[in-house]
Protein chains: 2
Amino acid sequence: MEKQLQRRLEKGGWAVGDAHDFLGLSDEEIRLIETKLALAAGLRQRREKLGLTQSVFASRLGSSQSRVAKMEAADRSVSLDLLFRALFLLGASRQDVARIMVHGARRRAA
Amino acid sequence: MEKQLQRRLEKGGWAVGDAHDFLGLSDEEIRLIETKLALAAGLRQRREKLGLTQSVFASRLGSSQSRVAKMEAADRSVSLDLLFRALFLLGASRQDVARIMVHGARRRAA
DNA sequence: TGCGCCTATGTCATATCTGACATAGAATGA
DNA sequence: TCATTCTATGTCAGATATGACATAGGCGCA
């Protein structure tokens with residue numbers, strides 16, 4: 001898990017140069033990052049299941065394709081607020097989002 | 001539920017003048033606001049259970065008493081990121097936060 | 001009454017996020 | 001090969017959130 005997490009973190013632009021820095025993150029920081037990664041994966045899964053392109057979804061969200069890409073990459077420039085709004089816009093309930101933030105994209109919609 | 005929600009929204013400074021405006025909110029907006037209200041209530045409950053004052057907790061969070069007050073009031077100026085970080089700092093797990101965001105402060109910690 | 005202690009609310013400079021744009025990469029089909 | 005479609009990444013001006021501060025309100029206690 002940690003290896004994969006670290007790779008995804010680096011890809012997302014997080015300041016996680018090596019294992020030392022990685023381990024330097026506090027528990028809260030790690031929990032927050034894991035939460036965002038789970039939501040990002042859930043967002044992508046939901047969008048794809050609905051057959052929407054990033055561009056189409058972006059216009060519905062009142063945003064841009066590039067930002068949707070960053071959302072799904074859990075880029076450090078995207079907030080939880082934006083991820084939540086995006087998921088809600090795709091029809092997710094609070095329960096759905098709660099499940100996603102715990103289990104990521106593994107679990108299917110209820 | 002809606003009456004109480006509206007009162008709390010107005011208190012929090014949300015632009016919810018009357019029932020018409022209230023009903024004018026989109027589903028996504030309502031879900032986001034409800035989520036924040038639930039997290040705010042859960043945060044207060046957790047902090048009080050730990051016997052911390054807003055000031056003490058604020059310093060641990062690297063923030064200020066006034067911002068903690070706004071968090072617990074679900075003020076429109078507080079982000080989900082801040083609420084999540086605060087809950088994580090109080091020892092909540094992702095599962096805990098997921099429960100809180102769905103059930104508010106009703107349910108006790110696991 | 002006055003005095004601590006805790007919480008609420010308003011303001012503001014600064015930090016961070018956001019949408020938009022440009023551009024590049026990847027994949028598909030002709 | 002070229003064109004088309006979709007996605008990824010970098011940048012930036014403008015929007016929003018943030019910590020800090022001041023100050024007010026509430027509540028218990030002497």
# chains A, B, ... in the order shown; residues from 1 in each chain; ligands from 1
>>> residues_around(residues="B:Ser63", least_positions_apart="6", cutoff="12 Å", atoms="only C-alpha atoms (C1' of nucleotides)", output="list in words")
Gln54, Ser55, Val56, Phe57, Ala69, Lys70, Met71, Leu82, Arg85 and Ala86 of chain B; DT18, DG19 and DA20 of chain D
>>> interface_residues(of="chain B", to="chain A", cutoff="12 Å", atoms="only C-alpha atoms", output="ChimeraX atom specification")
/B:26-36,38-39,61,76-104
>>> interface_residues(of="chain D", to="chain A", cutoff="12 Å", atoms="only C-alpha atoms (C1' of nucleotides)", output="PyMOL selection string")
chain D and resi 5-10+16-17
>>> write_last_selection(atoms="C-alpha atoms (C1' of nucleotides)", output="mmCIF file, in the first residue's frame")
data_model
loop_
_atom_site.group_PDB
_atom_site.id
_atom_site.type_symbol
_atom_site.label_atom_id
_atom_site.label_comp_id
_atom_site.auth_asym_id
_atom_site.auth_seq_id
_atom_site.Cartn_x
_atom_site.Cartn_y
_atom_site.Cartn_z
ATOM 1 C "C1'" DT D 5 -10.742 12.544 -29.511
ATOM 2 C "C1'" DC D 6 -9.648 12.218 -24.857
ATOM 3 C "C1'" DT D 7 -6.571 13.069 -21.027
ATOM 4 C "C1'" DA D 8 -2.336 15.221 -18.592
ATOM 5 C "C1'" DT D 9 0.371 19.121 -17.073
ATOM 6 C "C1'" DG D 10 2.083 23.871 -16.544
ATOM 7 C "C1'" DT D 16 -11.866 32.173 -1.891
ATOM 8 C "C1'" DA D 17 -10.067 30.500 2.554
#
>>> interface_residues(of="chain C", to="chain A", cutoff="8 Å", atoms="only C-alpha atoms (C1' of nucleotides)", output="ChimeraX atom specification")
/C:17,19-20
>>> atom_distance(atom1="atom CA of A:Arg106", atom2="atom CA of A:Gly42")
8.2 Å
>>> atom_distance(atom1="atom CA of A:Glu48", atom2="atom CA of A:Asp75")
18.9 Å
